[in-house]
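For reference, structure-v7.txt (compact mmCIF, C-alpha atoms):
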# COMPACT_ATOMS: atom_id res chain seq x y z
CA MET A 1 86.88 129.22 59.34
CA SER A 2 83.74 129.23 61.49
CA GLU A 3 83.02 130.32 65.02
CA TYR A 4 81.18 128.16 67.54
CA GLU A 5 80.00 128.47 71.12
CA LEU A 6 79.70 125.70 73.69
CA ASP A 7 77.67 125.89 76.89
CA ALA A 8 79.54 124.20 79.76
CA ARG A 9 77.91 126.17 82.56
CA ARG A 10 77.41 124.40 85.92
CA LEU A 11 79.68 121.55 84.92
CA LEU A 12 82.61 120.76 87.15
CA CYS A 13 85.97 119.80 85.72
CA PRO A 14 86.79 117.68 83.91
CA MET A 15 83.35 117.72 82.25
CA PRO A 16 83.90 121.10 80.50
CA VAL A 17 87.16 119.69 79.13
CA ILE A 18 85.42 116.53 77.92
CA LYS A 19 82.66 118.58 76.24
CA THR A 20 85.30 120.81 74.62
CA GLN A 21 87.28 117.78 73.43
CA ASN A 22 84.20 116.15 71.94
CA LYS A 23 83.06 119.36 70.22
CA VAL A 24 86.50 119.98 68.74
CA LYS A 25 86.37 116.53 67.09
CA GLU A 26 83.47 117.86 64.98
CA LEU A 27 85.29 121.04 63.93
CA ALA A 28 87.83 121.86 61.24
CA VAL A 29 91.36 123.14 61.66
CA GLY A 30 91.26 126.90 62.21
CA ASP A 31 87.72 126.98 63.59
CA ILE A 32 87.19 129.07 66.71
CA LEU A 33 85.39 127.64 69.73
CA SER A 34 84.29 129.68 72.75
CA VAL A 35 83.44 127.61 75.82
CA ILE A 36 81.28 129.27 78.47
CA CYS A 37 81.84 127.83 81.94
CA THR A 38 81.20 128.48 85.62
CA ASP A 39 83.88 126.25 87.21
CA PRO A 40 87.09 128.29 87.67
CA GLY A 41 89.04 125.07 87.24
CA VAL A 42 88.66 125.51 83.48
CA LEU A 43 91.13 128.39 83.61
CA SER A 44 93.90 125.85 84.04
CA ASP A 45 92.34 122.74 82.53
CA ILE A 46 91.12 123.87 79.10
CA PRO A 47 94.39 125.69 78.27
CA ALA A 48 96.35 122.62 79.47
CA TRP A 49 94.18 120.34 77.36
CA ALA A 50 94.61 122.66 74.36
CA ARG A 51 98.40 122.80 74.76
CA ILE A 52 98.90 119.05 74.92
CA ASN A 53 96.53 118.34 72.05
CA GLY A 54 97.85 120.97 69.65
CA HIS A 55 95.17 123.65 69.84
CA GLU A 56 95.74 127.36 70.40
CA LEU A 57 94.36 129.35 73.29
CA VAL A 58 93.01 132.57 71.77
CA GLY A 59 91.97 134.12 75.08
CA SER A 60 89.96 133.88 78.24
CA TYR A 61 87.47 136.29 79.73
CA GLU A 62 86.06 136.18 83.23
CA ASN A 63 83.24 138.11 84.85
CA ASP A 64 81.57 137.63 88.25
CA THR A 65 79.65 134.55 87.24
CA GLU A 66 81.08 133.10 84.05
CA ILE A 67 84.31 132.30 82.32
CA THR A 68 84.68 132.20 78.55
CA ILE A 69 87.65 130.43 77.05
CA THR A 70 88.31 130.68 73.35
CA ILE A 71 90.48 128.28 71.40
CA ARG A 72 91.48 127.88 67.78
CA VAL A 73 91.36 124.28 66.58
CA GLY A 74 94.75 122.90 65.60
CA SER A 75 95.66 119.98 63.39
CA MET B 76 112.27 101.49 58.25
CA ALA B 77 111.05 99.79 61.44
CA LYS B 78 107.46 100.46 62.45
CA GLN B 79 107.00 103.06 65.16
CA HIS B 80 105.09 101.20 67.85
CA LYS B 81 102.42 103.02 69.78
CA ALA B 82 100.89 102.45 73.19
CA VAL B 83 97.95 103.97 74.95
CA ALA B 84 98.50 104.49 78.67
CA LEU B 85 95.86 104.63 81.39
CA ILE B 86 96.66 107.91 83.10
CA SER B 87 95.32 108.56 86.57
CA GLY B 88 97.58 111.53 87.18
CA GLY B 89 99.53 109.71 89.89
CA LEU B 90 103.21 108.89 89.89
CA ASP B 91 102.98 105.25 88.78
CA SER B 92 101.26 105.97 85.49
CA MET B 93 103.75 108.77 84.81
CA LEU B 94 106.66 106.40 85.41
CA ALA B 95 105.13 103.68 83.25
CA VAL B 96 104.82 106.12 80.35
CA ARG B 97 108.33 107.48 80.72
CA VAL B 98 109.81 103.95 80.89
CA LEU B 99 108.33 103.24 77.47
CA GLN B 100 109.21 106.65 76.04
CA GLU B 101 112.81 105.87 76.99
CA GLN B 102 112.52 102.85 74.69
CA GLY B 103 111.29 104.97 71.80
CA ILE B 104 107.63 103.95 72.07
CA GLU B 105 105.13 106.65 71.14
CA VAL B 106 102.55 106.96 73.92
CA GLU B 107 99.21 108.71 74.21
CA GLY B 108 97.22 108.83 77.42
CA ILE B 109 93.65 107.97 78.21
CA ASN B 110 91.78 108.96 81.34
CA PHE B 111 88.32 107.79 82.31
CA TYR B 112 85.99 110.06 84.24
CA THR B 113 83.59 108.02 86.37
CA GLY B 114 82.17 110.94 88.35
CA PHE B 115 83.87 109.61 91.48
CA CYS B 116 87.34 110.80 90.53
CA VAL B 117 88.95 113.03 93.12
CA GLU B 118 89.67 116.33 91.45
CA GLY B 119 91.60 119.21 92.92
CA HIS B 120 88.79 121.48 91.83
CA THR B 121 86.20 119.63 93.88
CA HIS B 122 88.23 120.23 97.00
CA ALA B 123 88.77 123.80 95.93
CA ILE B 124 85.03 124.53 96.20
CA ARG B 125 85.64 125.14 99.89
CA ASN B 126 87.07 128.46 101.03
CA HIS B 127 89.96 127.04 103.01
CA ASP B 128 91.21 125.17 99.99
CA LYS B 129 91.28 128.20 97.73
CA ASP B 130 95.06 128.42 97.92
CA LYS B 131 95.51 124.88 96.73
CA GLN B 132 96.72 124.71 93.19
CA LYS B 133 93.82 123.99 90.89
CA ARG B 134 94.80 121.43 88.34
CA ASN B 135 93.57 118.24 86.82
CA ASN B 136 96.32 115.78 87.66
CA ALA B 137 95.84 113.65 84.55
CA LEU B 138 96.16 116.69 82.27
CA TRP B 139 99.09 117.96 84.26
CA ALA B 140 100.85 114.58 84.10
CA ALA B 141 100.26 114.35 80.35
CA GLU B 142 101.78 117.77 79.87
CA GLN B 143 104.85 116.81 81.91
CA LEU B 144 105.23 113.69 79.79
CA GLY B 145 104.63 115.52 76.50
CA ILE B 146 101.81 113.20 75.46
CA LYS B 147 98.29 113.72 74.20
CA LEU B 148 95.52 112.91 76.66
CA HIS B 149 92.05 111.70 75.78
CA ILE B 150 89.53 112.10 78.60
CA VAL B 151 86.52 109.83 78.29
CA ASP B 152 83.22 110.31 80.07
CA VAL B 153 82.17 106.87 81.39
CA ILE B 154 79.71 108.09 84.02
CA GLU B 155 76.72 106.16 82.65
CA GLU B 156 78.55 102.93 81.91
CA TYR B 157 80.28 103.04 85.27
CA LYS B 158 76.98 102.70 87.11
CA ASP B 159 76.88 98.98 86.37
CA VAL B 160 80.43 98.59 87.69
CA LEU B 161 79.50 100.25 90.95
CA LEU B 162 76.11 98.62 91.37
CA ASN B 163 76.98 95.09 90.29
CA PRO B 164 80.66 94.40 90.88
CA LYS B 165 81.39 90.77 90.01
CA HIS B 166 84.44 90.79 92.27
CA GLY B 167 82.80 92.69 95.12
CA TYR B 168 83.75 95.81 97.04
CA GLY B 169 86.86 96.77 98.96
CA ALA B 170 86.80 98.27 102.44
CA ASN B 171 84.14 100.77 101.35
CA MET B 172 82.02 101.08 98.20
CA ASN B 173 85.10 100.77 96.01
CA PRO B 174 84.79 98.05 93.36
CA CYS B 175 88.50 98.35 92.56
CA LEU B 176 89.06 95.12 90.67
CA ASP B 177 85.93 95.49 88.53
CA CYS B 178 86.88 99.13 87.98
CA LYS B 179 90.33 98.20 86.69
CA ILE B 180 88.89 95.52 84.41
CA PHE B 181 86.32 98.03 83.14
CA MET B 182 88.91 100.71 82.41
CA VAL B 183 91.30 98.37 80.63
CA ASN B 184 88.35 97.06 78.63
CA LYS B 185 87.39 100.62 77.69
CA ALA B 186 90.99 101.17 76.60
CA VAL B 187 90.76 98.03 74.42
CA GLU B 188 87.59 99.42 72.82
CA TRP B 189 89.24 102.80 72.36
CA VAL B 190 92.22 101.21 70.61
CA LYS B 191 89.82 99.39 68.26
CA ASP B 192 87.84 102.58 67.60
CA ASN B 193 91.07 104.44 66.85
CA HIS B 194 92.75 101.64 64.90
CA LYS B 195 93.67 104.04 62.12
CA ASP B 196 96.08 105.68 64.56
CA GLY B 197 97.93 102.38 64.88
CA PHE B 198 98.03 101.66 68.60
CA ASP B 199 99.64 98.31 69.33
CA PHE B 200 99.21 97.81 73.05
CA ILE B 201 98.00 99.20 76.38
CA ILE B 202 100.05 100.10 79.42
CA THR B 203 99.17 100.80 83.04
CA GLY B 204 101.17 101.90 86.07
CA GLU B 205 100.07 98.86 88.08
CA VAL B 206 102.50 97.34 90.54
CA ILE B 207 102.00 93.90 92.07
CA GLY B 208 101.04 94.20 95.72
CA GLN B 209 100.52 97.96 95.56
CA ARG B 210 96.78 97.84 96.22
CA PRO B 211 95.09 95.25 98.42
CA MET B 212 92.22 94.55 96.03
CA SER B 213 93.10 95.28 92.44
CA GLN B 214 96.87 95.05 92.23
CA ARG B 215 97.78 91.59 93.47
CA LYS B 216 99.70 88.79 91.80
CA GLN B 217 96.45 86.81 91.48
CA THR B 218 94.42 89.70 90.04
CA MET B 219 96.87 90.81 87.35
CA PRO B 220 95.92 87.97 84.96
CA ILE B 221 92.24 88.44 85.83
CA VAL B 222 92.39 92.06 84.66
CA ALA B 223 94.18 91.06 81.45
CA LYS B 224 91.73 88.24 80.69
CA GLU B 225 88.40 89.75 81.70
CA SER B 226 89.15 93.11 80.07
CA GLY B 227 89.83 91.36 76.77
CA ALA B 228 93.29 92.95 76.59
CA ASP B 229 95.05 89.62 77.17
CA ASP B 230 98.66 89.79 75.99
CA ILE B 231 98.57 93.39 74.78
CA LEU B 232 98.38 94.67 78.37
CA LEU B 233 101.85 95.61 79.60
CA ARG B 234 102.69 96.82 83.11
CA PRO B 235 106.17 98.32 82.69
CA LEU B 236 106.79 98.80 86.42
CA CYS B 237 106.30 95.14 87.35
CA ALA B 238 106.56 93.37 83.99
CA LYS B 239 109.51 91.25 85.09
CA ASN B 240 107.34 89.63 87.73
CA LEU B 241 104.72 88.66 85.16
CA PRO B 242 104.60 86.41 82.08
CA GLU B 243 105.89 88.01 78.90
CA THR B 244 103.37 89.99 76.92
CA ARG B 245 103.14 90.43 73.17
CA PRO B 246 105.08 93.75 73.09
CA GLU B 247 107.96 91.93 74.81
CA LEU B 248 107.72 88.72 72.78
CA GLU B 249 107.57 90.65 69.50
CA GLY B 250 110.54 92.77 70.52
CA TRP B 251 108.60 96.05 70.43
CA VAL B 252 109.93 96.71 73.93
CA ASP B 253 113.02 95.40 75.66
CA ARG B 254 111.94 93.36 78.71
CA ASP B 255 115.37 93.87 80.27
CA LYS B 256 114.63 97.58 80.51
CA LEU B 257 111.33 97.06 82.30
CA TYR B 258 111.01 96.77 86.09
CA ASP B 259 110.20 94.25 88.80
CA PHE B 260 108.60 96.47 91.43
CA SER B 261 106.32 94.81 93.95
CA GLY B 262 104.73 95.53 97.28
CA ARG B 263 103.61 98.69 99.00
CA ASN B 264 107.10 100.11 99.42
CA ARG B 265 107.27 103.29 97.36
CA LYS B 266 111.04 103.72 97.45
CA PRO B 267 111.70 102.16 94.01
CA GLN B 268 109.13 104.49 92.44
CA MET B 269 110.61 107.48 94.25
CA ALA B 270 114.09 106.56 93.02
CA LEU B 271 112.87 106.15 89.44
CA ALA B 272 111.02 109.47 89.69
CA GLU B 273 114.25 111.13 90.72
CA GLN B 274 116.10 109.46 87.88
CA PHE B 275 113.53 110.81 85.42
CA GLY B 276 113.59 114.26 87.00
CA PHE B 277 110.01 114.14 88.27
CA THR B 278 110.05 116.41 91.29
CA ASP B 279 106.37 117.29 91.52
CA TYR B 280 103.68 114.67 91.28
CA ALA B 281 100.29 113.87 92.78
CA SER B 282 100.08 111.97 96.06
CA PRO B 283 102.15 108.84 95.37
CA ALA B 284 99.93 106.53 97.43
CA GLY B 285 97.07 107.06 94.99
CA GLY B 286 93.67 107.85 96.45
CA CYS B 287 92.14 109.02 93.20
CA CYS B 288 88.59 107.79 93.84
CA PHE B 289 85.98 109.01 96.32
CA LEU B 290 84.60 105.48 96.63
CA THR B 291 87.60 104.47 98.71
CA ASP B 292 86.66 107.13 101.26
CA LYS B 293 84.53 105.89 104.15
CA ASN B 294 82.63 109.14 104.68
CA TYR B 295 81.78 109.40 101.02
CA SER B 296 80.74 105.75 100.83
CA ASP B 297 78.52 106.16 103.91
CA LYS B 298 76.79 109.11 102.24
CA LEU B 299 76.27 107.11 99.06
CA VAL B 300 74.70 104.20 100.96
CA ASP B 301 72.50 106.66 102.88
CA LEU B 302 71.38 108.24 99.60
CA TRP B 303 70.31 104.86 98.22
CA LYS B 304 68.58 103.92 101.47
CA GLY B 305 66.76 107.25 101.62
CA ARG B 306 65.44 106.79 98.08
CA GLY B 307 64.76 103.09 98.31
CA SER B 308 66.71 102.68 95.08
CA ARG B 309 70.36 102.43 94.09
CA GLU B 310 69.93 104.64 91.05
CA TYR B 311 71.93 107.85 90.91
CA GLU B 312 72.61 110.75 88.62
CA MET B 313 75.68 112.92 88.20
CA ASP B 314 74.26 115.69 90.39
CA ASP B 315 73.71 113.19 93.23
CA ILE B 316 77.29 112.06 93.30
CA MET B 317 78.61 115.61 93.02
CA LEU B 318 76.47 116.73 95.94
CA LEU B 319 77.87 113.94 98.12
CA LYS B 320 81.21 115.73 97.88
CA VAL B 321 79.83 119.01 99.16
CA GLY B 322 78.46 120.26 102.49
CA ARG B 323 77.37 118.84 105.79
CA HIS B 324 74.71 116.14 105.33
CA LEU B 325 72.00 115.62 107.96
CA ARG B 326 69.01 113.33 107.66
CA PRO B 327 66.49 114.26 110.38
CA LYS B 328 63.70 112.26 108.72
CA PRO B 329 63.96 109.23 106.44
CA GLU B 330 62.22 111.16 103.63
CA PHE B 331 64.65 114.02 103.30
CA LYS B 332 68.22 115.09 103.86
CA LEU B 333 69.67 118.56 104.36
CA ILE B 334 72.88 119.48 102.54
CA ILE B 335 74.23 122.47 104.45
CA ALA B 336 77.07 124.49 102.93
CA ARG B 337 80.09 124.69 105.21
CA ASP B 338 81.33 128.03 103.92
CA ALA B 339 80.73 130.72 101.32
CA GLY B 340 82.46 128.68 98.62
CA GLU B 341 80.06 125.79 99.08
CA SER B 342 77.06 128.16 99.33
CA LYS B 343 78.05 129.58 95.96
CA PHE B 344 78.31 126.09 94.52
CA LEU B 345 74.90 125.07 95.90
CA GLU B 346 73.34 128.22 94.36
CA GLY B 347 73.51 126.36 91.06
CA TYR B 348 70.97 123.84 92.39
CA ARG B 349 68.27 126.33 93.45
CA LYS B 350 65.99 125.42 90.57
CA GLN B 351 66.15 121.68 91.26
CA PHE B 352 65.74 121.57 95.03
CA VAL B 353 63.88 123.17 97.90
CA THR B 354 66.39 125.56 99.46
CA ILE B 355 66.54 126.98 102.98
CA GLN B 356 68.52 130.03 104.07
CA VAL B 357 68.59 132.27 107.10
CA VAL B 358 68.17 135.84 105.85
CA SER B 359 68.26 137.83 109.11
CA HIS B 360 71.83 136.71 109.81
CA ASN B 361 74.71 135.32 107.79
CA GLY B 362 74.18 131.65 107.23
CA PRO B 363 74.80 128.80 104.84
CA LEU B 364 72.66 127.94 101.86
CA THR B 365 71.01 124.56 102.36
CA ILE B 366 69.36 122.33 99.84
CA VAL B 367 66.78 119.69 100.70
CA ASP B 368 67.28 116.37 98.97
CA GLY B 369 64.14 114.25 99.10
CA ASP B 370 60.51 114.95 99.92
CA ILE B 371 59.93 117.50 102.63
CA CYS B 372 56.38 118.39 103.66
CA SER B 373 55.45 121.78 105.07
CA ASP B 374 55.04 120.23 108.55
CA ASP B 375 58.78 119.64 108.58
CA PHE B 376 59.80 123.15 107.50
CA GLU B 377 60.23 124.33 111.09
CA LEU B 378 62.43 121.36 112.00
CA ALA B 379 64.58 121.83 108.89
CA ALA B 380 64.81 125.62 109.34
CA GLY B 381 65.75 125.17 113.02
CA ILE B 382 68.59 122.85 112.05
CA VAL B 383 69.83 125.15 109.28
CA ALA B 384 69.70 128.16 111.67
CA ARG B 385 71.94 126.23 114.05
CA TYR B 386 74.76 126.49 111.48
CA GLY B 387 74.49 130.27 110.89
CA GLN B 388 75.67 133.31 112.80
CA GLY B 389 72.22 133.66 114.40
CA ARG B 390 72.56 130.33 116.22
CA ASP B 391 72.28 132.02 119.63
CA ALA B 392 69.52 134.47 118.68
CA GLU B 393 66.02 134.14 120.11
CA GLN B 394 64.60 134.10 116.60
CA VAL B 395 65.90 134.21 113.06
CA GLU B 396 64.17 134.81 109.76
CA VAL B 397 64.40 131.90 107.36
CA GLN B 398 63.41 131.76 103.70
CA ILE B 399 62.26 128.53 102.13
CA SER B 400 62.30 128.55 98.38
CA GLU B 401 60.89 126.03 95.95
CA SER B 402 61.06 126.52 92.20
CA GLY B 403 57.70 127.61 90.82
CA LYS B 404 56.19 128.26 94.24
CA GLU B 405 55.81 131.37 96.34
CA LEU B 406 58.75 132.14 98.62
CA GLN B 407 57.98 131.29 102.25
CA THR B 408 59.42 133.17 105.19
CA ILE B 409 59.24 131.84 108.74
CA MET B 410 60.55 133.03 112.09
CA ILE B 411 62.27 130.28 114.04
CA LYS B 412 64.39 129.71 117.11
CA PRO B 413 67.58 127.88 116.09
CA LEU B 414 67.81 124.36 117.48
CA PRO B 415 70.23 124.11 120.38
CA SER B 416 73.19 121.85 119.65
CA GLU B 417 71.94 119.04 121.91
CA LYS B 418 68.78 118.81 119.82
CA VAL B 419 70.68 118.32 116.58
CA LEU B 420 70.97 114.58 117.06
CA GLU B 421 74.19 112.77 116.34
CA GLU B 422 72.39 110.08 114.36
CA TRP B 423 71.14 112.71 111.90
CA HIS B 424 74.68 113.29 110.68
CA VAL B 425 75.38 111.18 107.64

Any chance you could give the structure as structure tokens?
Amino acid sequence: MSEYELDARRLLCPMPVIKTQNKVKELAVGDILSVICTDPGVLSDIPAWARINGHELVGSYENDTEITITIRVGS
Amino acid sequence: MAKQHKAVALISGGLDSMLAVRVLQEQGIEVEGINFYTGFCVEGHTHAIRNHDKDKQKRNNALWAAEQLGIKLHIVDVIEEYKDVLLNPKHGYGANMNPCLDCKIFMVNKAVEWVKDNHKDGFDFIITGEVIGQRPMSQRKQTMPIVAKESGADDILLRPLCAKNLPETRPELEGWVDRDKLYDFSGRNRKPQMALAEQFGFTDYASPAGGCCFLTDKNYSDKLVDLWKGRGSREYEMDDIMLLKVGRHLRPKPEFKLIIARDAGESKFLEGYRKQFVTIQVVSHNGPLTIVDGDICSDDFELAAGIVARYGQGRDAEQVEVQISESGKELQTIMIKPLPSEKVLEEWHV
């Protein structure tokens, strides 16, 4: 299992979702991916994308300027 | 054991594509969704940039629809490839800058390519939520075969909601789907879709009449044409088309345009562009962040600052302090009297 980080700052949805989707294709089952974003829309979109595509939402963290969403890659 | 047939569905997030998917699921077909992002797609989040829309539910309708349907959704970035569709539509534009027929052909063609690229997953055909007569340009009896032919999908393109009004497709001829259980919807009347939605238990869905593309919007299209005219070129980048969705646009000189935030939400959004553009902001009073798109010379700073000041809380002050910022250059501060409303000319508004 490896951990990765993806920069999706300044992108508006659905671009952070698309970048997440494309990155996940390169990863192995069980890998952890943290996506750093600025569009609050990711708070609903990345978890929704993860749910329907079989990945697990590990957590999300938000400060004044950025949102980090962490997922575990499913099968 | 009989083969499990699979379809990929073009998902816009609207009701028709949801119904089309569920009709096939009811027949035991396994469906996955595909959604193409052109950059012009209307997203709830884009609207939510503005303060007054903050209470609107933020969701991507395509993802939401996929979740309701229990299907996977593949979102594909087609921003670059879509430029040729917008700039050179073989079948022309609709009422605005919307190349709807070329767009549909393009998307079905991309779905055909996607099916080929993912052949190991065994997709047999493509479905859409199209209904004959639903849209004046792309969904007409005459255009349905054009989409099938020019996209290269031919007989593997099935429209479950109006299939009975069209020649049989391969999924029907091969018996993968039962034509008798497909529909014969036509026209702009939405009642049949509403009734089917009720039958399927869909109580919440995105605006049934569609409207998923900014290019069908006159104001947006006018801004796009102005952008091209201002630059003397029809090229555009992602940032350009995003910025057309945000702010009040005024072009006081052919060489530059002001994009003035309409509220704090838009000011925050425009903050992200400070490094790319000259920005103007009143600092002695509350006022919107403004970015300057185009080439502004220092002789025009007073004009631009006067216009920007007009849209801040200091609009009635004798003088306001305005900062003009350009990446890599020293910050400039000028004192200016805000332009009175009659001097902000109507023809400047894009």

By how many Å are atom CA of B:Gly145 and atom CA of A:Glu5 apart?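 Taking atom CA of B:Gly145 and atom CA of A:Glu5, their separation equals 28.3 Å.
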
Write out as a list in words which residues come within 8 Å of stretch 340-350 of chain B when counting only C-alpha atoms, dropping same-chain ones fewer than 2 positions away. Arg10 of chain A; Ile124, Arg125, Asn126, Val321, Gly322, Ala336, Arg337, Asp338, Phe352, Val353, Thr354, Pro363, Leu364, Thr365, Ile366, Glu401 and Ser402 of chain B

Residues near A:Ile18, anyone? I mean within 7 Å using all atoms listed in the file, not counting same-chain ones fewer than 6 positions away, as a PyMOL selection string. chain B and resi 150-152

Could you tell me how far atom CA of B:Arg390 lies from atom CA of B:Glu421, in Å and to one decimal?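 Going from atom CA of B:Arg390 over to atom CA of B:Glu421 covers 17.6 Å.
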
Counting only C-alpha atoms, figure out which residue out of B:Val83, B:Val153, B:Met219, B:Leu236 gets nearest to chain A.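 With only C-alpha atoms as the atom set, the closest residue is B:Val153.
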